[in-house]
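Below: start-v9.tsv (TSV, C-alpha atoms and all ligand atoms)
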```tsv
chain	number	residue	atom	x	y	z
J	1	MET	CA	22.74	17.79	-14.84
J	2	GLY	CA	18.98	17.45	-14.86
J	3	LEU	CA	16.52	15.01	-16.38
J	4	LYS	CA	14.66	15.23	-19.66
J	5	VAL	CA	11.10	15.56	-18.42
J	6	GLY	CA	7.74	15.29	-20.19
J	7	VAL	CA	4.17	16.02	-19.13
J	8	LEU	CA	1.37	14.17	-20.94
J	9	GLY	CA	-1.97	15.97	-20.59
J	10	ILE	CA	-2.37	19.65	-19.91
J	11	GLY	CA	-5.66	19.98	-18.06
J	12	PRO	CA	-5.61	21.38	-14.49
J	13	VAL	CA	-3.38	18.56	-13.23
J	14	GLY	CA	-0.86	18.83	-16.09
J	15	GLU	CA	-0.79	22.60	-15.69
J	16	HIS	CA	-0.07	22.22	-11.97
J	17	ILE	CA	2.73	19.75	-12.70
J	18	VAL	CA	4.38	22.30	-15.01
J	19	ARG	CA	3.95	25.05	-12.39
J	20	ILE	CA	5.12	22.99	-9.39
J	21	LEU	CA	8.17	21.55	-11.18
J	22	GLY	CA	9.27	25.18	-11.51
J	23	GLU	CA	8.28	26.13	-7.95
J	24	ARG	CA	10.22	23.22	-6.43
J	25	LYS	CA	13.16	23.71	-8.79
J	26	PHE	CA	12.99	20.12	-9.95
J	27	PRO	CA	16.17	19.46	-11.96
J	28	VAL	CA	14.92	19.59	-15.53
J	29	ASP	CA	17.39	19.49	-18.39
J	30	GLY	CA	16.13	21.81	-21.15
J	31	PRO	CA	12.50	22.71	-21.81
J	32	LEU	CA	9.71	20.42	-20.67
J	33	THR	CA	8.14	18.29	-23.40
J	34	ILE	CA	4.42	18.95	-23.03
J	35	MET	CA	2.12	16.56	-24.87
J	36	ALA	CA	-1.62	16.20	-25.45
J	37	THR	CA	-3.96	14.84	-28.10
J	38	ARG	CA	-3.20	17.71	-30.49
J	39	GLU	CA	-0.52	20.28	-31.15
J	40	ARG	CA	-1.12	23.92	-30.14
J	41	ASP	CA	0.25	26.81	-28.12
J	42	GLU	CA	-1.02	27.47	-24.59
J	43	ILE	CA	-0.32	30.01	-21.87
J	44	ILE	CA	0.57	28.81	-18.35
J	45	ASP	CA	1.18	31.48	-15.70
J	46	GLU	CA	1.47	34.08	-18.44
J	47	MET	CA	4.23	32.08	-20.16
J	48	PRO	CA	3.68	30.66	-23.66
J	49	VAL	CA	4.17	26.90	-23.87
J	50	SER	CA	4.02	24.75	-26.96
J	51	VAL	CA	2.04	21.55	-26.69
J	52	GLN	CA	3.06	18.70	-28.99
J	53	LYS	CA	0.86	15.90	-30.27
J	54	VAL	CA	1.85	12.82	-28.28
J	55	SER	CA	3.88	10.25	-30.25
J	56	GLU	CA	6.24	7.36	-29.53
J	57	ASP	CA	9.21	9.34	-30.85
J	58	LEU	CA	8.78	12.00	-28.17
J	59	PHE	CA	9.17	9.42	-25.38
J	60	LYS	CA	12.50	8.26	-26.86
J	61	LYS	CA	14.11	11.53	-25.82
J	62	LEU	CA	12.75	11.58	-22.24
J	63	ASP	CA	13.87	10.17	-18.86
J	64	LEU	CA	10.73	10.90	-16.85
J	65	VAL	CA	7.12	11.55	-17.89
J	66	PHE	CA	4.28	12.71	-15.67
J	67	PHE	CA	0.99	11.40	-17.03
J	68	ALA	CA	-2.04	13.65	-16.46
J	69	GLY	CA	-4.40	12.52	-19.18
J	70	LYS	CA	-7.95	11.23	-19.19
J	71	GLU	CA	-8.74	7.80	-17.75
J	72	GLY	CA	-10.31	4.90	-19.63
J	73	ALA	CA	-9.72	2.84	-22.77
J	74	LYS	CA	-8.97	5.88	-24.92
J	75	GLY	CA	-7.17	7.68	-22.12
J	76	ALA	CA	-3.50	8.53	-21.88
J	77	SER	CA	-2.32	5.75	-19.53
J	78	LEU	CA	-3.81	2.76	-21.30
J	79	GLU	CA	-2.72	4.15	-24.66
J	80	TRP	CA	0.76	5.44	-23.84
J	81	ALA	CA	2.19	4.26	-20.48
J	82	ASP	CA	3.60	0.97	-21.80
J	83	ILE	CA	5.03	2.72	-24.85
J	84	ALA	CA	6.72	5.34	-22.69
J	85	VAL	CA	8.26	2.66	-20.44
J	86	LYS	CA	9.41	0.57	-23.42
J	87	ASN	CA	11.17	3.66	-24.73
J	88	GLY	CA	13.14	4.09	-21.52
J	89	CYS	CA	10.99	6.52	-19.52
J	90	VAL	CA	10.02	6.34	-15.88
J	91	VAL	CA	6.28	7.09	-15.77
J	92	ILE	CA	4.41	8.65	-12.84
J	93	ASP	CA	0.71	8.37	-13.59
J	94	ASN	CA	-2.09	10.46	-12.11
J	95	GLY	CA	-4.91	8.42	-13.65
J	96	GLY	CA	-6.82	5.55	-12.06
J	97	ASP	CA	-6.49	2.84	-14.70
J	98	LEU	CA	-3.34	1.12	-13.43
J	99	ARG	CA	-3.42	1.87	-9.70
J	100	MET	CA	-4.59	-1.50	-8.47
J	101	TYR	CA	-2.35	-3.63	-10.73
J	102	PRO	CA	-0.15	-5.85	-8.57
J	103	GLY	CA	3.47	-4.90	-9.11
J	104	ILE	CA	2.73	-1.24	-9.85
J	105	PRO	CA	3.47	0.79	-6.73
J	106	LEU	CA	0.72	3.16	-5.57
J	107	VAL	CA	2.61	5.78	-3.68
J	108	ILE	CA	2.18	8.57	-1.17
J	109	PRO	CA	5.83	9.41	-0.48
J	110	GLU	CA	5.29	10.16	3.22
J	111	ILE	CA	3.85	6.65	3.63
J	112	ASN	CA	5.26	4.07	1.23
J	113	MET	CA	8.13	5.43	-0.83
J	114	ASP	CA	9.86	2.14	0.01
J	115	SER	CA	7.57	0.35	-2.47
J	116	VAL	CA	9.56	2.00	-5.29
J	117	THR	CA	12.68	-0.03	-6.12
J	118	LYS	CA	15.46	0.05	-8.70
J	119	ASP	CA	13.28	-2.05	-11.03
J	120	THR	CA	10.28	0.27	-10.86
J	121	ARG	CA	9.54	2.06	-14.13
J	122	LEU	CA	5.86	2.91	-13.61
J	123	ILE	CA	4.39	4.39	-10.43
J	124	CYS	CA	0.81	5.45	-9.77
J	125	ASN	CA	-0.39	8.42	-7.80
J	126	PRO	CA	-3.47	7.55	-5.73
J	127	ASN	CA	-6.80	9.29	-6.23
J	128	CYS	CA	-6.99	12.82	-4.79
J	129	SER	CA	-9.61	11.93	-2.18
J	130	THR	CA	-7.56	8.87	-1.15
J	131	ILE	CA	-4.33	10.84	-0.73
J	132	GLN	CA	-5.69	13.26	1.85
J	133	MET	CA	-7.59	10.61	3.80
J	134	ALA	CA	-4.62	8.22	3.83
J	135	LEU	CA	-2.12	10.88	4.86
J	136	ALA	CA	-4.34	11.97	7.77
J	137	LEU	CA	-4.97	8.39	8.92
J	138	TYR	CA	-1.58	6.75	8.45
J	139	PRO	CA	0.17	8.27	11.52
J	140	LEU	CA	-2.81	7.19	13.63
J	141	HIS	CA	-2.76	3.75	12.00
J	142	LYS	CA	0.91	3.33	12.90
J	143	ALA	CA	0.08	4.12	16.53
J	144	SER	CA	-3.14	2.12	16.99
J	145	ARG	CA	-4.07	0.27	13.75
J	146	VAL	CA	-7.19	1.46	11.98
J	147	ARG	CA	-10.02	-1.06	12.07
J	148	ARG	CA	-12.83	0.73	10.25
J	149	VAL	CA	-13.33	4.08	8.53
J	150	ILE	CA	-16.50	5.87	7.47
J	151	VAL	CA	-15.76	8.81	5.20
J	152	SER	CA	-17.95	11.37	3.44
J	153	THR	CA	-16.36	13.71	0.93
J	154	TYR	CA	-17.13	17.26	-0.16
J	155	GLN	CA	-15.21	17.35	-3.45
J	156	SER	CA	-14.55	20.39	-5.60
J	157	VAL	CA	-15.47	20.45	-9.27
J	158	SER	CA	-11.83	20.71	-10.43
J	159	GLY	CA	-11.62	17.05	-9.43
J	160	HIS	CA	-13.49	16.33	-12.64
J	161	SER	CA	-11.46	18.46	-15.11
J	162	GLY	CA	-10.81	22.02	-16.23
J	163	GLY	CA	-14.09	21.95	-18.16
J	164	ALA	CA	-15.96	21.35	-14.91
J	165	MET	CA	-14.70	24.58	-13.34
J	166	GLU	CA	-15.81	26.56	-16.39
J	167	LEU	CA	-19.20	24.83	-16.35
J	168	LEU	CA	-19.78	25.63	-12.66
J	169	LYS	CA	-18.97	29.31	-13.25
J	170	ALA	CA	-21.34	29.40	-16.26
J	171	GLU	CA	-24.11	27.67	-14.27
J	172	ILE	CA	-23.78	30.12	-11.37
J	173	LYS	CA	-24.07	33.06	-13.79
J	174	GLN	CA	-27.16	31.49	-15.36
J	175	VAL	CA	-28.82	30.97	-11.97
J	176	LEU	CA	-28.00	34.47	-10.71
J	177	SER	CA	-29.33	36.07	-13.87
J	178	GLY	CA	-32.56	34.07	-13.65
J	179	GLU	CA	-31.88	31.93	-16.73
J	180	SER	CA	-32.63	28.23	-16.74
J	181	VAL	CA	-29.52	26.13	-16.18
J	182	GLN	CA	-28.29	24.12	-19.10
J	183	GLU	CA	-27.16	20.72	-17.81
J	184	TYR	CA	-24.19	18.73	-19.20
J	185	PRO	CA	-24.51	15.26	-17.67
J	186	ALA	CA	-21.14	14.22	-19.18
J	187	ILE	CA	-19.54	16.59	-16.66
J	188	PHE	CA	-21.99	16.86	-13.73
J	189	ALA	CA	-24.66	14.20	-13.30
J	190	ARG	CA	-26.94	16.99	-12.03
J	191	SER	CA	-26.60	20.74	-12.00
J	192	ALA	CA	-23.66	21.60	-9.70
J	193	SER	CA	-24.43	25.21	-8.85
J	194	PHE	CA	-25.89	25.68	-5.36
J	195	ASN	CA	-26.11	21.92	-5.12
J	196	CYS	CA	-24.48	18.80	-3.67
J	197	ILE	CA	-24.33	15.73	-5.91
J	198	PRO	CA	-23.76	12.28	-4.34
J	199	HIS	CA	-22.46	10.93	-7.64
J	200	ILE	CA	-18.80	11.14	-8.73
J	201	ASP	CA	-17.76	8.92	-11.64
J	202	ARG	CA	-19.83	5.88	-12.65
J	203	PHE	CA	-21.97	3.67	-10.41
J	204	GLU	CA	-20.70	0.15	-9.82
J	205	LYS	CA	-22.99	-2.88	-9.56
J	206	ASN	CA	-22.78	-2.73	-5.74
J	207	GLY	CA	-24.41	0.72	-5.68
J	208	TYR	CA	-21.21	2.58	-4.82
J	209	THR	CA	-19.55	4.92	-7.31
J	210	ARG	CA	-16.10	4.28	-8.75
J	211	GLU	CA	-14.81	7.26	-6.77
J	212	GLU	CA	-16.11	5.67	-3.57
J	213	MET	CA	-14.56	2.31	-4.42
J	214	LYS	CA	-11.21	4.00	-5.08
J	215	MET	CA	-11.34	5.24	-1.48
J	216	VAL	CA	-12.15	1.71	-0.30
J	217	ASN	CA	-9.48	-0.13	-2.28
J	218	GLU	CA	-6.50	2.21	-2.68
J	219	PRO	CA	-5.67	2.66	1.06
J	220	ARG	CA	-5.53	-1.14	1.42
J	221	LYS	CA	-2.70	-1.21	-1.11
J	222	ILE	CA	-0.93	1.90	0.23
J	223	PHE	CA	-1.06	0.75	3.88
J	224	ASN	CA	-0.43	-2.87	2.84
J	225	GLU	CA	-3.51	-3.81	4.87
J	226	PRO	CA	-5.77	-5.96	2.66
J	227	ASN	CA	-8.47	-6.19	5.34
J	228	LEU	CA	-8.83	-2.47	6.09
J	229	LEU	CA	-12.55	-1.63	6.30
J	230	ILE	CA	-13.61	1.62	4.62
J	231	SER	CA	-17.09	2.82	3.77
J	232	ALA	CA	-17.24	5.94	1.57
J	233	THR	CA	-19.80	8.42	0.25
J	234	ALA	CA	-18.33	10.81	-2.33
J	235	VAL	CA	-20.15	14.08	-2.97
J	236	ARG	CA	-19.46	16.85	-5.48
J	237	VAL	CA	-19.97	20.34	-4.03
J	238	PRO	CA	-19.87	23.75	-5.74
J	239	VAL	CA	-16.29	24.60	-4.74
J	240	LEU	CA	-13.74	25.27	-7.49
J	241	VAL	CA	-10.61	23.73	-5.92
J	242	GLY	CA	-10.03	21.92	-2.60
J	243	HIS	CA	-11.59	18.73	-1.32
J	244	SER	CA	-12.91	18.34	2.25
J	245	GLU	CA	-13.64	15.09	4.06
J	246	SER	CA	-15.45	14.08	7.22
J	247	ILE	CA	-13.71	10.97	8.56
J	248	ASN	CA	-14.82	8.65	11.35
J	249	ALA	CA	-12.10	6.16	12.26
J	250	GLU	CA	-12.21	3.28	14.71
J	251	PHE	CA	-8.97	1.68	15.93
J	252	MET	CA	-7.92	-1.76	17.16
J	253	GLU	CA	-5.81	-0.33	19.95
J	254	PRO	CA	-6.39	2.64	22.30
J	255	MET	CA	-7.15	5.92	20.55
J	256	ASN	CA	-8.94	9.09	21.53
J	257	ALA	CA	-9.09	12.69	20.38
J	258	GLN	CA	-6.26	13.82	22.63
J	259	LYS	CA	-3.90	11.12	21.40
J	260	ALA	CA	-4.87	11.83	17.79
J	261	ILE	CA	-4.19	15.56	18.30
J	262	GLU	CA	-0.78	14.79	19.81
J	263	ILE	CA	0.12	12.62	16.84
J	264	LEU	CA	-1.31	14.77	14.05
J	265	SER	CA	0.14	18.00	15.43
J	266	ASN	CA	3.64	16.48	15.49
J	267	PRO	CA	5.31	17.05	12.10
J	268	VAL	CA	7.82	14.28	12.71
J	269	LEU	CA	5.09	11.70	13.38
J	270	SER	CA	2.75	13.17	10.75
J	271	PRO	CA	4.75	14.49	7.78
J	272	GLY	CA	2.65	16.42	5.28
J	273	VAL	CA	-0.14	17.02	7.82
J	274	VAL	CA	-0.99	20.35	9.46
J	275	TYR	CA	-3.24	20.36	12.50
J	276	ILE	CA	-5.49	23.42	12.66
J	277	ASP	CA	-7.90	23.67	15.53
J	278	GLY	CA	-9.03	25.85	18.38
J	279	ILE	CA	-12.07	26.41	20.56
J	280	THR	CA	-12.47	29.57	22.59
J	281	ASP	CA	-12.55	29.26	26.37
J	282	ASP	CA	-15.22	31.94	26.56
J	283	LYS	CA	-18.41	29.99	25.95
J	284	ASN	CA	-20.57	33.04	26.69
J	285	SER	CA	-18.98	35.28	24.16
J	286	LEU	CA	-21.51	37.11	22.01
J	287	GLU	CA	-18.72	37.72	19.56
J	288	ILE	CA	-18.13	34.04	19.12
J	289	ARG	CA	-18.09	34.13	15.31
J	290	HIS	CA	-15.50	36.91	15.47
J	291	ASP	CA	-13.21	35.05	17.83
J	292	PRO	CA	-10.26	33.96	15.66
J	293	LEU	CA	-9.65	30.95	17.88
J	294	GLU	CA	-13.24	29.75	17.60
J	295	ARG	CA	-13.00	29.85	13.81
J	296	ARG	CA	-9.79	27.84	13.60
J	297	TYR	CA	-10.45	24.77	11.49
J	298	PRO	CA	-9.44	24.09	7.91
J	299	VAL	CA	-11.73	25.07	5.03
J	300	ALA	CA	-11.21	24.68	1.30
J	301	SER	CA	-10.22	28.32	0.83
J	302	ASP	CA	-7.24	27.73	3.16
J	303	ILE	CA	-5.44	26.02	0.27
J	304	GLU	CA	-4.66	29.56	-0.89
J	305	LYS	CA	-2.33	30.02	2.09
J	306	VAL	CA	1.25	29.52	0.98
J	307	GLU	CA	2.23	27.62	4.12
J	308	TRP	CA	-0.63	25.12	3.74
J	309	LYS	CA	-0.99	24.78	-0.03
J	310	ASP	CA	0.80	21.39	-0.25
J	311	SER	CA	-0.42	19.98	3.07
J	312	VAL	CA	-3.28	17.91	4.29
J	313	MET	CA	-5.00	20.13	6.84
J	314	VAL	CA	-6.74	18.39	9.72
J	315	GLY	CA	-9.04	19.78	12.41
J	316	ARG	CA	-12.27	19.23	14.37
J	317	ILE	CA	-10.76	16.15	16.04
J	318	ARG	CA	-13.30	14.75	18.49
J	319	ASP	CA	-13.92	11.54	20.38
J	320	ASP	CA	-16.64	9.45	18.78
J	321	MET	CA	-19.07	9.27	21.69
J	322	THR	CA	-20.73	6.05	20.45
J	323	VAL	CA	-17.88	3.52	20.45
J	324	PRO	CA	-14.51	3.20	22.22
J	325	ASN	CA	-11.21	3.93	20.43
J	326	ALA	CA	-12.85	5.99	17.71
J	327	ILE	CA	-12.55	9.59	16.60
J	328	ASN	CA	-14.03	12.03	14.11
J	329	LEU	CA	-11.93	14.45	12.12
J	330	TRP	CA	-12.24	16.90	9.26
J	331	CYS	CA	-9.58	17.16	6.59
J	332	VAL	CA	-8.97	19.46	3.65
J	333	SER	CA	-6.42	19.50	0.86
J	334	ASP	CA	-5.80	20.94	-2.60
J	335	ASN	CA	-6.87	18.17	-4.96
J	336	LEU	CA	-4.74	19.55	-7.78
J	337	ARG	CA	-1.58	19.95	-5.68
J	338	LYS	CA	-1.13	17.33	-2.89
J	339	GLY	CA	-4.06	15.38	-4.40
J	340	ALA	CA	-2.26	15.13	-7.75
J	341	ALA	CA	0.67	17.23	-9.03
J	342	THR	CA	2.67	17.78	-5.82
J	343	ASN	CA	2.38	14.12	-4.81
J	344	ALA	CA	3.58	13.02	-8.27
J	345	ILE	CA	6.57	15.37	-8.12
J	346	GLN	CA	7.41	14.27	-4.56
J	347	ILE	CA	7.56	10.69	-5.87
J	348	ALA	CA	10.09	11.79	-8.50
J	349	GLU	CA	12.06	13.71	-5.86
J	350	GLY	CA	12.05	10.59	-3.67
J	351	MET	CA	13.38	8.53	-6.57
J	352	LEU	CA	16.13	11.07	-7.15
J	353	GLU	CA	17.08	10.95	-3.47
J	354	LYS	CA	17.27	7.16	-3.60
J	355	GLY	CA	19.35	7.28	-6.79
J	356	LEU	CA	16.57	5.59	-8.78
J	357	LEU	CA	16.32	8.27	-11.45
I	1	LIG	N1	-8.45	16.95	-11.23
I	1	LIG	C1	-8.08	16.37	-10.10
I	1	LIG	O1	-8.32	16.84	-8.97
I	1	LIG	C2	-7.34	15.08	-10.16
I	1	LIG	C3	-6.76	14.60	-9.00
I	1	LIG	C4	-6.08	13.40	-9.03
I	1	LIG	C5	-5.98	12.72	-10.22
I	1	LIG	N2	-6.55	13.22	-11.35
I	1	LIG	C6	-6.37	12.49	-12.60
I	1	LIG	O2	-5.40	13.21	-13.37
I	1	LIG	C7	-5.69	13.12	-14.75
I	1	LIG	C8	-5.79	14.51	-15.36
I	1	LIG	O3	-6.84	15.23	-14.73
I	1	LIG	P1	-7.35	16.65	-15.30
I	1	LIG	O4	-8.44	17.04	-14.41
I	1	LIG	O5	-6.19	17.55	-15.54
I	1	LIG	O6	-7.94	16.16	-16.72
I	1	LIG	P2	-8.47	16.94	-18.01
I	1	LIG	O7	-8.82	18.36	-17.69
I	1	LIG	O8	-9.53	16.09	-18.59
I	1	LIG	O9	-7.20	16.96	-19.00
I	1	LIG	C9	-6.76	15.80	-19.62
I	1	LIG	C10	-5.57	16.10	-20.53
I	1	LIG	O10	-5.11	14.85	-21.04
I	1	LIG	C11	-5.04	14.87	-22.44
I	1	LIG	N3	-5.44	13.54	-22.94
I	1	LIG	C12	-6.62	12.89	-22.75
I	1	LIG	N4	-6.60	11.69	-23.36
I	1	LIG	C13	-5.37	11.58	-23.93
I	1	LIG	C14	-4.73	10.57	-24.71
I	1	LIG	N5	-5.32	9.42	-25.03
I	1	LIG	N6	-3.47	10.79	-25.11
I	1	LIG	C15	-2.83	11.94	-24.81
I	1	LIG	N7	-3.38	12.93	-24.10
I	1	LIG	C16	-4.64	12.75	-23.65
I	1	LIG	C17	-6.02	15.94	-22.88
I	1	LIG	O11	-5.56	16.39	-24.14
I	1	LIG	P3	-6.25	17.60	-24.94
I	1	LIG	O12	-5.95	18.82	-24.14
I	1	LIG	O13	-5.55	17.59	-26.25
I	1	LIG	O14	-7.70	17.25	-25.01
I	1	LIG	C18	-5.88	16.96	-21.73
I	1	LIG	O15	-4.80	17.83	-21.98
I	1	LIG	C19	-6.97	12.28	-14.85
I	1	LIG	O16	-6.62	10.95	-15.07
I	1	LIG	C20	-7.61	12.43	-13.49
I	1	LIG	O17	-8.41	11.33	-13.17
I	1	LIG	C21	-7.20	14.38	-11.34
```
Go through the file and emit its structure as structure tokens.
Amino acid sequence: MGLKVGVLGIGPVGEHIVRILGERKFPVDGPLTIMATRERDEIIDEMPVSVQKVSEDLFKKLDLVFFAGKEGAKGASLEWADIAVKNGCVVIDNGGDLRMYPGIPLVIPEINMDSVTKDTRLICNPNCSTIQMALALYPLHKASRVRRVIVSTYQSVSGHSGGAMELLKAEIKQVLSGESVQEYPAIFARSASFNCIPHIDRFEKNGYTREEMKMVNEPRKIFNEPNLLISATAVRVPVLVGHSESINAEFMEPMNAQKAIEILSNPVLSPGVVYIDGITDDKNSLEIRHDPLERRYPVASDIEKVEWKDSVMVGRIRDDMTVPNAINLWCVSDNLRKGAATNAIQIAEGMLEKGLL
């Protein structure tokens, strides 16, 4: 017997939740209840789905609801999460509004599923850029304790919303046909086509953006390390789906590239992580760009590969030559899957395994 499951919000994240629940054969009893701000019919993967206008009555019939709505005062979580819980639902929320509340677990199942207990009714998914960084760093942290991280992101436009992907495609067409680009600052602060924008979400008073501060604060809660030092620069790049990150990490105990490779290439020590790397031995090769080994490192388009689509891919692991016990690495993941929908569904699967759902 399955669970009565709802999905609130049907942008790219909500759509992926619907798709991945099916892919992973999550035990759903009857049709999914899909909710948004207004009623209509939609097509997902060539299947018609009916979207209902969210209301308190709908939550009364559900056991579990994945929230994938907009953030902020008029967003789905602040408006509906409490109501869903009061009506007996377990809520797994993709938005950022409730993540840092004490008492609400912020969960990456491979790291801290133990923060979900029998009393937990509301769980938050971390931010997409946090999930991939934390999953790549946690196995190294367990071995040698991270002291300080400097991270720069290369984030795809789908991280903003479905509208952002459409806008990027429209902008690219305008540029290629010689038209002037029409800017929509509500979506991209600056034109996104053929551009890199060091501005994701709002600026805070300290000069960092909210996206950057999510990467500073969320790992502290997930790792249960309130003094973890993280410095982030978050950049939007003209990629449709798939975030990349350049991470420099310094450790309190011995760490070097070789040790990091040993840990991150071991699936038992590093669940959810795939290590992809390779440098040709033939340094004189004129065909170097055609050498498949030389080109082995993860890139955003690798999220299309079935075997990697739900992983955090890590490569380019090098010693930091400027300080001891420090490394550089490159990591890539699908922001809509492991960065959002897959992680949320893995939390629900973890709860089922523990008998909490
Ligand atoms: N995109 C990513 O890579 C990513 C990764 C991690 C986390 N997240 C988070 O996941 C959430 C969803 O992201 P998205 O990119 O799919 O967003 P999106 O494209 O903006 O879609 C939001 C959906 O939520 C619905 N919605 C908005 N406000 C609502 C409210 N007050 N009550 C009920 N429904 C409401 C919208 O309804 P209508 O369709 O009726 O307008 C829409 O279906 C956001 O909180 C985002 O921050 C996104």
Go through chain J residue by residue and, counting all atoms listed in the file, keep those with an atom at most 6 Å from ligand LIG 1 (chain I); for each kept residue give the shortest atom pair and its distance in Å to one decimal, ordered by chain and increasing number, as JSON lines.
```
{"residue": "J:Leu8", "atom": "CA", "partner": "I:LIG1", "partner_atom": "N7", "distance": 5.8}
{"residue": "J:Gly9", "atom": "CA", "partner": "I:LIG1", "partner_atom": "O10", "distance": 3.4}
{"residue": "J:Ile10", "atom": "CA", "partner": "I:LIG1", "partner_atom": "O15", "distance": 3.7}
{"residue": "J:Gly11", "atom": "CA", "partner": "I:LIG1", "partner_atom": "O9", "distance": 3.5}
{"residue": "J:Pro12", "atom": "CA", "partner": "I:LIG1", "partner_atom": "O5", "distance": 4.0}
{"residue": "J:Val13", "atom": "CA", "partner": "I:LIG1", "partner_atom": "O5", "distance": 3.8}
{"residue": "J:Gly14", "atom": "CA", "partner": "I:LIG1", "partner_atom": "O5", "distance": 5.5}
{"residue": "J:Ala36", "atom": "CA", "partner": "I:LIG1", "partner_atom": "N7", "distance": 4.0}
{"residue": "J:Thr37", "atom": "CA", "partner": "I:LIG1", "partner_atom": "O13", "distance": 3.7}
{"residue": "J:Arg38", "atom": "CA", "partner": "I:LIG1", "partner_atom": "O13", "distance": 4.8}
{"residue": "J:Val54", "atom": "CA", "partner": "I:LIG1", "partner_atom": "C15", "distance": 5.9}
{"residue": "J:Ala68", "atom": "CA", "partner": "I:LIG1", "partner_atom": "C8", "distance": 4.0}
{"residue": "J:Gly69", "atom": "CA", "partner": "I:LIG1", "partner_atom": "O10", "distance": 3.1}
{"residue": "J:Lys70", "atom": "CA", "partner": "I:LIG1", "partner_atom": "C12", "distance": 4.1}
{"residue": "J:Glu71", "atom": "CA", "partner": "I:LIG1", "partner_atom": "O16", "distance": 4.6}
{"residue": "J:Lys74", "atom": "CA", "partner": "I:LIG1", "partner_atom": "N5", "distance": 5.1}
{"residue": "J:Gly75", "atom": "CA", "partner": "I:LIG1", "partner_atom": "N5", "distance": 3.9}
{"residue": "J:Ala76", "atom": "CA", "partner": "I:LIG1", "partner_atom": "C14", "distance": 3.7}
{"residue": "J:Glu79", "atom": "CA", "partner": "I:LIG1", "partner_atom": "N5", "distance": 5.9}
{"residue": "J:Asn94", "atom": "CA", "partner": "I:LIG1", "partner_atom": "O2", "distance": 4.5}
{"residue": "J:Gly95", "atom": "CA", "partner": "I:LIG1", "partner_atom": "O16", "distance": 3.4}
{"residue": "J:Asn127", "atom": "CA", "partner": "I:LIG1", "partner_atom": "C4", "distance": 5.0}
{"residue": "J:Cys128", "atom": "CA", "partner": "I:LIG1", "partner_atom": "C4", "distance": 4.4}
{"residue": "J:Ser158", "atom": "CA", "partner": "I:LIG1", "partner_atom": "N1", "distance": 5.1}
{"residue": "J:Gly159", "atom": "CA", "partner": "I:LIG1", "partner_atom": "O1", "distance": 3.3}
{"residue": "J:His160", "atom": "CA", "partner": "I:LIG1", "partner_atom": "N1", "distance": 5.3}
{"residue": "J:Ser161", "atom": "CA", "partner": "I:LIG1", "partner_atom": "O4", "distance": 3.4}
{"residue": "J:Gly162", "atom": "CA", "partner": "I:LIG1", "partner_atom": "O7", "distance": 4.4}
{"residue": "J:Asn335", "atom": "CA", "partner": "I:LIG1", "partner_atom": "O1", "distance": 4.5}
{"residue": "J:Leu336", "atom": "CA", "partner": "I:LIG1", "partner_atom": "O1", "distance": 4.6}
{"residue": "J:Gly339", "atom": "CA", "partner": "I:LIG1", "partner_atom": "C3", "distance": 5.4}
{"residue": "J:Ala340", "atom": "CA", "partner": "I:LIG1", "partner_atom": "C4", "distance": 4.4}
```
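Among the candidates J:Gly242, J:Gly2, J:Gly163, J:Pro139, the one nearest to J:Ile187 when counting all atoms listed in the file is J:Gly163.
Straight-line separation from atom CA of J:Ser333 to atom CA of J:Arg236: 14.7 Å.
The residue that comes closest to J:Gln52, out of J:Leu135, J:Leu3, J:Met35, J:Leu64 and on the basis of all atoms listed in the file, is J:Met35.
Here the question is which of J:Glu15, J:Asp63, J:Glu204, J:Asp119 gets nearest to J:Val51 using all atoms listed in the file, and that residue is J:Glu15.
Distance check against J:Val49 using only C-alpha atoms: of J:Ser177, J:Gly207, J:Arg318, J:Val18, the minimum falls on J:Val18.
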Long-range neighbours of J:Ile108 as a PyMOL selection string, 12 Å cut-off, only C-alpha atoms, 6 positions minimum in chain: chain J and resi 92+94+114-116+123-128+130-136+138+218-219+221-223+271-272+338-348+350
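For the pair atom CA of J:Ile317 and atom CA of J:Met215, the separation is 20.6 Å.
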The residues within 10 Å of (1.5, 29.2, -17.6), using all atoms listed in the file and the coordinates of the file, should be reported as an mmCIF file with C-alpha atoms, in the coordinates of the input; which are they?
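Output (result-v9.cif):
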```cif
data_model
loop_
_atom_site.group_PDB
_atom_site.id
_atom_site.type_symbol
_atom_site.label_atom_id
_atom_site.label_comp_id
_atom_site.auth_asym_id
_atom_site.auth_seq_id
_atom_site.Cartn_x
_atom_site.Cartn_y
_atom_site.Cartn_z
ATOM 1 C CA GLU J 15 -0.790 22.600 -15.690
ATOM 2 C CA HIS J 16 -0.070 22.220 -11.970
ATOM 3 C CA VAL J 18 4.380 22.300 -15.010
ATOM 4 C CA ARG J 19 3.950 25.050 -12.390
ATOM 5 C CA GLU J 42 -1.020 27.470 -24.590
ATOM 6 C CA ILE J 43 -0.320 30.010 -21.870
ATOM 7 C CA ILE J 44 0.570 28.810 -18.350
ATOM 8 C CA ASP J 45 1.180 31.480 -15.700
ATOM 9 C CA GLU J 46 1.470 34.080 -18.440
ATOM 10 C CA MET J 47 4.230 32.080 -20.160
ATOM 11 C CA PRO J 48 3.680 30.660 -23.660
ATOM 12 C CA VAL J 49 4.170 26.900 -23.870
#
```
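Of the listed residues J:Thr322, J:Ser144, J:Ser152, J:Ser193, the one whose atoms come nearest to J:Glu212 is J:Ser152, with distances taken using only C-alpha atoms.
Taking atom CA of J:Leu137 as the reference point, atom CA of J:Ala249 is found at 8.2 Å.
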How big is the axis-aligned box around the listed atoms of stretch 51-55 of chain J once 3 Å is added on each side, and where is its centre? Give both in Å to one decimal, as JSON.
```
{"center_x": 2.4, "center_y": 15.9, "center_z": -28.5, "size_x": 9.0, "size_y": 17.3, "size_z": 9.6}
```
